[in-house]
file final-v9.cif (mmCIF, C-alpha atoms)
data_target
#
loop_
_atom_site.label_atom_id
_atom_site.label_comp_id
_atom_site.auth_asym_id
_atom_site.auth_seq_id
_atom_site.Cartn_x
_atom_site.Cartn_y
_atom_site.Cartn_z
CA MET A 1 0.00 0.00 0.00
CA ALA A 2 1.19 3.53 -0.73
CA GLU A 3 -0.10 7.00 -0.03
CA SER A 4 0.42 10.64 -0.86
CA GLU A 5 0.54 13.45 1.68
CA GLY A 6 -2.54 15.36 2.75
CA PRO A 7 -5.38 15.38 5.27
CA ALA A 8 -8.15 12.83 5.42
CA ASN A 9 -11.49 14.36 6.50
CA GLY A 10 -13.43 12.58 3.76
CA ARG A 11 -11.07 13.97 1.10
CA THR A 12 -9.23 10.70 0.62
CA LEU A 13 -9.27 8.76 -2.66
CA ILE A 14 -8.51 5.05 -2.42
CA ILE A 15 -7.43 3.70 -5.81
CA THR A 16 -6.15 0.28 -6.87
CA GLU A 17 -2.65 0.07 -8.29
CA GLY A 18 -3.70 -1.10 -11.76
CA ILE A 19 -5.84 2.00 -12.32
CA LEU A 20 -3.22 4.26 -10.77
CA SER A 21 -0.48 2.97 -13.11
CA SER A 22 -2.74 3.51 -16.13
CA LEU A 23 -3.60 7.03 -15.03
CA GLY A 24 -0.12 8.45 -15.67
CA PRO A 25 0.46 12.03 -14.44
CA ALA A 26 -1.90 12.93 -11.60
CA PRO A 27 -4.83 15.06 -12.83
CA THR A 28 -4.59 18.78 -12.13
CA PHE A 29 -7.56 18.81 -9.76
CA LEU A 30 -5.79 16.24 -7.55
CA ARG A 31 -2.48 18.13 -7.54
CA ARG A 32 -3.99 21.48 -6.61
CA THR A 33 -6.28 20.28 -3.82
CA SER A 34 -5.83 18.62 -0.46
CA ILE A 35 -6.97 15.21 -1.71
CA ARG A 36 -4.98 12.37 -0.14
CA LEU A 37 -4.29 9.49 -2.50
CA LEU A 38 -4.04 5.94 -1.11
CA SER A 39 -3.23 2.96 -3.34
CA ALA A 40 -3.91 -0.70 -2.72
CA ARG A 41 -3.10 -3.90 -4.59
CA THR A 42 -5.55 -6.40 -3.13
CA GLY A 43 -9.16 -6.34 -2.04
CA SER A 44 -8.16 -6.90 1.59
CA GLU A 45 -5.80 -3.90 1.43
CA VAL A 46 -8.69 -1.79 0.12
CA LEU A 47 -10.84 -2.80 3.09
CA THR A 48 -8.04 -2.06 5.55
CA LEU A 49 -7.47 1.41 4.11
CA ALA A 50 -11.19 2.16 3.97
CA GLY A 51 -11.60 1.24 7.61
CA THR A 52 -8.81 3.54 8.79
CA SER A 53 -8.83 6.57 6.48
CA ASP A 54 -12.37 8.00 6.27
CA PRO A 55 -12.39 7.86 2.42
CA GLY A 56 -14.33 10.19 0.18
CA LEU A 57 -14.25 7.79 -2.80
CA LEU A 58 -12.99 4.33 -3.76
CA LEU A 59 -11.88 3.72 -7.35
CA LEU A 60 -11.44 -0.04 -7.76
CA GLU A 61 -10.59 -2.61 -10.40
CA TYR A 62 -13.02 -5.50 -10.61
CA SER A 63 -10.17 -8.03 -10.90
CA MET A 64 -8.08 -7.76 -7.73
CA PRO A 65 -6.17 -10.43 -5.81
CA VAL A 66 -7.93 -11.97 -2.79
CA MET A 67 -11.35 -10.41 -3.50
CA LYS A 68 -13.11 -9.10 -6.59
CA GLY A 69 -14.43 -5.55 -6.74
CA ASP A 70 -18.05 -6.57 -6.15
CA GLN A 71 -17.06 -8.63 -3.09
CA VAL A 72 -15.18 -5.65 -1.65
CA CYS A 73 -18.15 -3.38 -2.29
CA ARG A 74 -20.51 -5.77 -0.46
CA ARG A 75 -18.19 -5.75 2.55
CA LEU A 76 -18.12 -1.96 2.49
CA ARG A 77 -21.91 -1.70 2.31
CA ALA A 78 -22.20 -4.01 5.30
CA ASP A 79 -20.17 -1.54 7.39
CA LYS A 80 -22.38 1.24 8.77
CA ARG A 81 -19.40 3.65 8.71
CA LEU A 82 -18.80 3.09 4.99
CA VAL A 83 -22.25 2.32 3.65
CA LYS A 84 -22.60 5.71 1.92
CA VAL A 85 -19.04 6.09 0.60
CA PRO A 86 -19.11 6.28 -3.25
CA VAL A 87 -17.49 3.31 -4.99
CA ILE A 88 -16.52 3.21 -8.67
CA ILE A 89 -15.64 -0.19 -10.12
CA VAL A 90 -13.77 -0.55 -13.41
CA GLY A 91 -14.41 -3.95 -14.95
CA PRO A 92 -14.78 -5.92 -18.19
CA PRO A 93 -17.96 -5.20 -20.18
CA GLU A 94 -18.36 -8.92 -20.93
CA PRO A 95 -19.91 -11.06 -19.69
CA PRO A 96 -22.80 -8.77 -18.62
CA ARG A 97 -23.20 -10.62 -15.32
CA ILE A 98 -20.07 -8.87 -14.01
CA GLU A 99 -21.61 -5.41 -14.31
CA VAL A 100 -24.90 -6.72 -12.90
CA SER A 101 -23.09 -8.17 -9.90
CA CYS A 102 -21.17 -4.94 -9.31
CA ARG A 103 -24.34 -2.85 -9.41
CA LYS A 104 -26.13 -5.26 -7.06
CA SER A 105 -23.22 -5.00 -4.66
CA GLY A 106 -24.02 -1.30 -4.24
CA CYS A 107 -21.36 0.41 -6.36
CA SER A 108 -22.09 4.01 -7.32
CA LEU A 109 -20.78 3.63 -10.87
CA PHE A 110 -19.57 0.77 -13.09
CA SER A 111 -17.07 1.88 -15.75
CA PRO A 112 -16.24 -0.57 -18.59
CA ALA A 113 -12.59 -1.44 -19.11
CA PRO A 114 -10.34 -0.28 -20.63
CA VAL A 115 -11.00 2.84 -18.62
CA ASP A 116 -11.76 6.07 -20.50
CA PHE A 117 -10.22 8.67 -18.21
CA SER A 118 -11.66 11.59 -20.19
CA ARG A 119 -15.10 10.45 -19.04
CA LEU A 120 -14.22 8.96 -15.68
CA LEU A 121 -12.15 11.74 -14.10
CA PRO A 122 -14.99 14.32 -14.13
CA ARG A 123 -17.07 11.81 -12.15
CA VAL A 124 -14.17 11.28 -9.73
CA ALA A 125 -13.98 15.04 -9.18
CA GLU A 126 -17.75 15.18 -8.70
CA TYR A 127 -17.79 12.44 -6.06
CA LEU A 128 -14.88 14.08 -4.21
CA GLY A 129 -16.59 17.47 -4.33
CA VAL A 130 -13.76 19.07 -6.30
CA ALA A 131 -14.53 21.81 -8.81
CA GLN A 132 -12.59 21.25 -12.02
CA ARG A 133 -11.17 24.53 -13.18
CA GLN A 134 -11.01 25.11 -16.91
CA GLU A 135 -7.42 26.14 -17.51
CA GLU A 136 -6.18 27.81 -20.63
CA ARG A 137 -4.98 24.97 -22.85
CA LEU A 138 -1.43 24.97 -24.17
CA SER A 139 -0.84 24.32 -27.83
CA VAL A 140 1.37 21.28 -28.30
CA VAL A 141 3.14 20.18 -31.48
CA LEU A 142 3.81 16.44 -31.63
CA SER A 143 6.31 15.15 -34.18
CA ILE A 144 5.95 11.45 -34.93
CA SER A 145 8.02 9.16 -37.12
CA TYR A 146 6.34 6.15 -38.74
CA GLY A 147 9.37 4.41 -40.20
CA THR A 148 10.58 6.74 -42.94
CA VAL A 149 7.42 8.86 -42.79
CA LYS A 150 7.44 11.85 -40.44
CA SER A 151 4.38 13.89 -39.54
CA GLU A 152 3.31 16.59 -37.12
CA VAL A 153 0.08 16.72 -35.13
CA LEU A 154 -1.18 19.85 -33.41
CA GLY A 155 -2.87 19.22 -30.07
CA ARG A 156 -3.69 21.01 -26.84
CA SER A 157 -2.73 20.00 -23.34
CA MET A 158 -5.48 18.85 -21.00
CA ASP A 159 -3.12 18.17 -18.10
CA LEU A 160 0.57 18.72 -17.42
CA SER A 161 3.13 17.57 -14.88
CA SER A 162 6.90 17.27 -14.78
CA GLY A 163 6.48 13.58 -15.60
CA GLY A 164 4.25 13.85 -18.63
CA MET A 165 1.14 15.37 -20.15
CA LEU A 166 -2.30 14.56 -21.45
CA VAL A 167 -2.84 15.97 -24.95
CA ARG A 168 -6.07 16.14 -26.90
CA THR A 169 -5.55 15.53 -30.62
CA PRO A 170 -7.82 15.25 -33.67
CA THR A 171 -6.29 11.89 -34.63
CA PRO A 172 -5.47 8.75 -32.62
CA LEU A 173 -1.81 8.02 -31.87
CA ARG A 174 -0.50 4.53 -31.35
CA VAL A 175 0.41 3.39 -27.83
CA GLY A 176 4.13 2.71 -27.48
CA PHE A 177 5.22 5.19 -30.18
CA PHE A 178 7.91 7.74 -29.40
CA VAL A 179 7.14 11.42 -30.06
CA ASN A 180 8.96 14.72 -29.93
CA LEU A 181 6.97 17.48 -28.25
CA ARG A 182 7.16 21.25 -28.43
CA PHE A 183 5.13 23.43 -26.06
CA ASN A 184 5.37 26.66 -24.05
CA PRO A 185 3.86 26.37 -20.54
CA ASP A 186 4.56 29.91 -19.34
CA LYS A 187 4.59 32.08 -22.47
CA GLY A 188 8.37 32.25 -22.19
CA ARG A 189 10.60 33.01 -25.14
CA ARG A 190 11.68 29.44 -25.79
CA SER A 191 9.45 26.44 -26.24
CA ILE A 192 10.19 23.33 -24.23
CA MET A 193 11.43 20.45 -26.34
CA ALA A 194 10.91 16.97 -24.96
CA GLN A 195 10.89 13.38 -26.08
CA GLY A 196 8.06 11.21 -24.87
CA ARG A 197 6.35 7.89 -25.26
CA ILE A 198 2.63 7.39 -25.78
CA ARG A 199 1.22 5.41 -22.86
CA ARG A 200 -2.49 5.45 -23.73
CA THR A 201 -4.99 6.79 -26.25
CA SER A 202 -8.73 7.05 -25.68
CA PRO A 203 -11.56 8.60 -27.75
CA THR A 204 -13.58 11.50 -26.38
CA GLU A 205 -17.26 12.29 -26.76
CA GLU A 206 -16.28 15.20 -29.03
CA GLY A 207 -14.73 12.84 -31.59
CA GLU A 208 -11.14 13.64 -30.62
CA TYR A 209 -8.57 11.63 -28.68
CA ASP A 210 -6.89 12.05 -25.32
CA VAL A 211 -3.28 10.91 -25.56
CA GLY A 212 -1.29 10.25 -22.38
CA ILE A 213 2.42 10.89 -22.90
CA GLN A 214 5.25 10.10 -20.52
CA PHE A 215 8.30 12.36 -20.75
CA LEU A 216 11.52 10.44 -21.45
CA THR A 217 13.95 13.33 -21.70
CA LEU A 218 13.38 16.70 -20.06
CA PRO A 219 16.17 19.14 -19.12
CA VAL A 220 16.33 20.30 -15.51
CA GLU A 221 15.51 23.88 -16.49
CA SER A 222 12.37 22.66 -18.27
CA VAL A 223 11.30 20.71 -15.19
CA ASP A 224 11.75 23.89 -13.13
CA ARG A 225 9.59 25.89 -15.54
CA ILE A 226 6.81 23.34 -15.41
CA GLU A 227 6.93 23.13 -11.61
CA LYS A 228 6.67 26.92 -11.35
CA VAL A 229 3.58 26.88 -13.57
CA LEU A 230 2.00 24.15 -11.44
CA GLN A 231 2.82 26.07 -8.26
CA ILE A 232 0.97 29.10 -9.62
CA GLN A 233 -2.02 26.92 -10.49
CA ARG A 234 -2.10 25.40 -6.99
CA SER A 235 -2.08 28.84 -5.35
CA SER A 236 -4.73 30.31 -7.67
CA PRO A 237 -8.32 30.54 -6.36
CA ARG A 238 -10.59 27.70 -7.50
CA SER A 239 -13.41 28.48 -9.85
#
call {"tool": "encode", "arguments": {"input": "final-v9.cif", "output": "C-alpha cells"}}
result
Amino acid sequence: MAESEGPANGRTLIITEGILSSLGPAPTFLRRTSIRLLSARTGSEVLTLAGTSDPGLLLLEYSMPVMKGDQVCRRLRADKRLVKVPVIIVGPPEPPRIEVSCRKSGCSLFSPAPVDFSRLLPRVAEYLGVAQRQEERLSVVLSISYGTVKSEVLGRSMDLSSGGMLVRTPTPLRVGFFVNLRFNPDKGRRSIMAQGRIRRTSPTEEGEYDVGIQFLTLPVESVDRIEKVLQIQRSSPRS
C-alpha cells in the first residue's frame, strides 16, 4: 500500500494500483487540492485502508487479488461507517453478469474497461466534491516518425506535470510510439522540447482523442519551468 501526503477528512481517494499505473500524471484537480491518494493492490488492502482513512471515494478494479471488486463493495456496504461512501468499479464489459453483480453490490458507478479517463475523471472530481477549473490549454506540437514517414500533429494539453502530459488531438496516436513534443507552458521566449512515449490513447465524446504521454527526456531547467507553472495553479483561487 502507498499513499500521498494530505489530510483525510473525507477527502481521501482510495485507488487500486492497476488503475493508478494507467492514469499516468496525476490530474490537475488532484495536484492542486488537499486530496490524499491511497493505493492498494488487493481487495483486503482496500478494506483495511477504507476502515482507517475516512475515504471520500474508492476507485477499484473488478479483478483484484484476494477479492473481486463486487465482493469488496458488499463488505463496504455491510459496514455502517462506509455504507454511503461512493465506490466506482472498473471492470470488463463482458460477460454482462459482471456489471450486474457490481451494481447489485451497491457500487455508485460501473465503468467498462479499458478505462476512459476523459469520461471517468470528471465523475471522480464530482464524487470528491472538487470543482474542475477550466485552464487555458497549451498548444502542443507532436512530431511522430512512422518508419521513414514523419508527420506533425497539433494538439492542446489537457493536463501537465513534470512527468508527462495529457494531450487532446484530432487523430489517434499509437500506444508505445515515441514522439517529440514542443510546447510553451509559461509564455516564455523558448518552447520546451521533450521526447516522450505514448502510454495510452482514448476517444472523447467530441470525436477527438486524449493521448497520455510520458516524458523520457526533459532538461532540468524545463522541469523547473513546469513546476513553477503548477505552483501558480495550486495557489490560484478555484473556480
call {"tool": "resolve_selection", "arguments": {"input": "final-v9.cif", "expression": "the PyMOL selection byres ((chain A and resi 42-49) around 8)", "output": "ChimeraX atom specification"}}
result
/A:1,14,16,38,40-41,50-53,64-69,72,75-76
call {"tool": "write_last_selection", "arguments": {"input": "final-v9.cif", "atoms": "C-alpha atoms", "output": "CSV table (one decimal), keeping the file's coordinate frame"}}
result
chain,number,residue,atom,x,y,z
A,1,MET,CA,0.0,0.0,0.0
A,14,ILE,CA,-8.5,5.0,-2.4
A,16,THR,CA,-6.2,0.3,-6.9
A,38,LEU,CA,-4.0,5.9,-1.1
A,40,ALA,CA,-3.9,-0.7,-2.7
A,41,ARG,CA,-3.1,-3.9,-4.6
A,50,ALA,CA,-11.2,2.2,4.0
A,51,GLY,CA,-11.6,1.2,7.6
A,52,THR,CA,-8.8,3.5,8.8
A,53,SER,CA,-8.8,6.6,6.5
A,64,MET,CA,-8.1,-7.8,-7.7
A,65,PRO,CA,-6.2,-10.4,-5.8
A,66,VAL,CA,-7.9,-12.0,-2.8
A,67,MET,CA,-11.4,-10.4,-3.5
A,68,LYS,CA,-13.1,-9.1,-6.6
A,69,GLY,CA,-14.4,-5.6,-6.7
A,72,VAL,CA,-15.2,-5.6,-1.6
A,75,ARG,CA,-18.2,-5.8,2.6
A,76,LEU,CA,-18.1,-2.0,2.5
call {"tool": "resolve_selection", "arguments": {"input": "final-v9.cif", "expression": "the PyMOL selection byres ((chain A and resi 86) around 9)", "output": "ChimeraX atom specification"}}
result
/A:55-59,82-85,87-88,107-109,127-128
call {"tool": "write_last_selection", "arguments": {"input": "final-v9.cif", "atoms": "C-alpha atoms", "output": "CSV table (one decimal), in the coordinates of the input"}}
result
chain,number,residue,atom,x,y,z
A,55,PRO,CA,-12.4,7.9,2.4
A,56,GLY,CA,-14.3,10.2,0.2
A,57,LEU,CA,-14.2,7.8,-2.8
A,58,LEU,CA,-13.0,4.3,-3.8
A,59,LEU,CA,-11.9,3.7,-7.4
A,82,LEU,CA,-18.8,3.1,5.0
A,83,VAL,CA,-22.2,2.3,3.6
A,84,LYS,CA,-22.6,5.7,1.9
A,85,VAL,CA,-19.0,6.1,0.6
A,87,VAL,CA,-17.5,3.3,-5.0
A,88,ILE,CA,-16.5,3.2,-8.7
A,107,CYS,CA,-21.4,0.4,-6.4
A,108,SER,CA,-22.1,4.0,-7.3
A,109,LEU,CA,-20.8,3.6,-10.9
A,127,TYR,CA,-17.8,12.4,-6.1
A,128,LEU,CA,-14.9,14.1,-4.2
call {"tool": "closest_residue", "arguments": {"input": "final-v9.cif", "among": "A:Ser21, A:Ser151, A:Asn184, A:Gln71", "to": "Gln214 of chain A", "atoms": "all atoms listed in the file"}}
result
A:Ser21
call {"tool": "closest_residue", "arguments": {"input": "final-v9.cif", "among": "A:Glu206, A:Glu126, A:Asp70, A:Asp79", "to": "Arg103 of chain A", "atoms": "all atoms listed in the file"}}
result
A:Asp70
call {"tool": "atom_distance", "arguments": {"input": "final-v9.cif", "atom1": "atom CA of Ser22 of chain A", "atom2": "atom CA of Val153 of chain A"}}
result
23.3 Å
call {"tool": "atom_distance", "arguments": {"input": "final-v9.cif", "atom1": "atom CA of Ile232 of chain A", "atom2": "atom CA of Leu37 of chain A"}}
result
21.5 Å
call {"tool": "residues_near_point", "arguments": {"input": "final-v9.cif", "point": "(-15.4, 3.1, -20.2)", "cutoff": "12 Å", "atoms": "all atoms listed in the file", "output": "number ranges by chain"}}
result
A: 88-93, 109-121, 123, 202-205
call {"tool": "closest_residue", "arguments": {"input": "final-v9.cif", "among": "A:Gln195, A:Ser63, A:Arg81, A:Pro185", "to": "Cys102 of chain A", "atoms": "all atoms listed in the file"}}
result
A:Ser63
call {"tool": "atom_distance", "arguments": {"input": "final-v9.cif", "atom1": "atom CA of Leu181 of chain A", "atom2": "atom CA of Gly196 of chain A"}}
result
7.2 Å
call {"tool": "resolve_selection", "arguments": {"input": "final-v9.cif", "expression": "the PyMOL selection byres ((chain A and resi 180) around 10)", "output": "ChimeraX atom specification"}}
result
/A:141-145,152,178-179,181-182,193-197,215-217
call {"tool": "write_last_selection", "arguments": {"input": "final-v9.cif", "atoms": "C-alpha atoms", "output": "short mmCIF file (atom, residue, chain, number, x, y, z; two decimals), in the frame of the given file"}}
result
data_model
loop_
_atom_site.label_atom_id
_atom_site.label_comp_id
_atom_site.auth_asym_id
_atom_site.auth_seq_id
_atom_site.Cartn_x
_atom_site.Cartn_y
_atom_site.Cartn_z
CA VAL A 141 3.14 20.18 -31.48
CA LEU A 142 3.81 16.44 -31.63
CA SER A 143 6.31 15.15 -34.18
CA ILE A 144 5.95 11.45 -34.93
CA SER A 145 8.02 9.16 -37.12
CA GLU A 152 3.31 16.59 -37.12
CA PHE A 178 7.91 7.74 -29.40
CA VAL A 179 7.14 11.42 -30.06
CA LEU A 181 6.97 17.48 -28.25
CA ARG A 182 7.16 21.25 -28.43
CA MET A 193 11.43 20.45 -26.34
CA ALA A 194 10.91 16.97 -24.96
CA GLN A 195 10.89 13.38 -26.08
CA GLY A 196 8.06 11.21 -24.87
CA ARG A 197 6.35 7.89 -25.26
CA PHE A 215 8.30 12.36 -20.75
CA LEU A 216 11.52 10.44 -21.45
CA THR A 217 13.95 13.33 -21.70
#
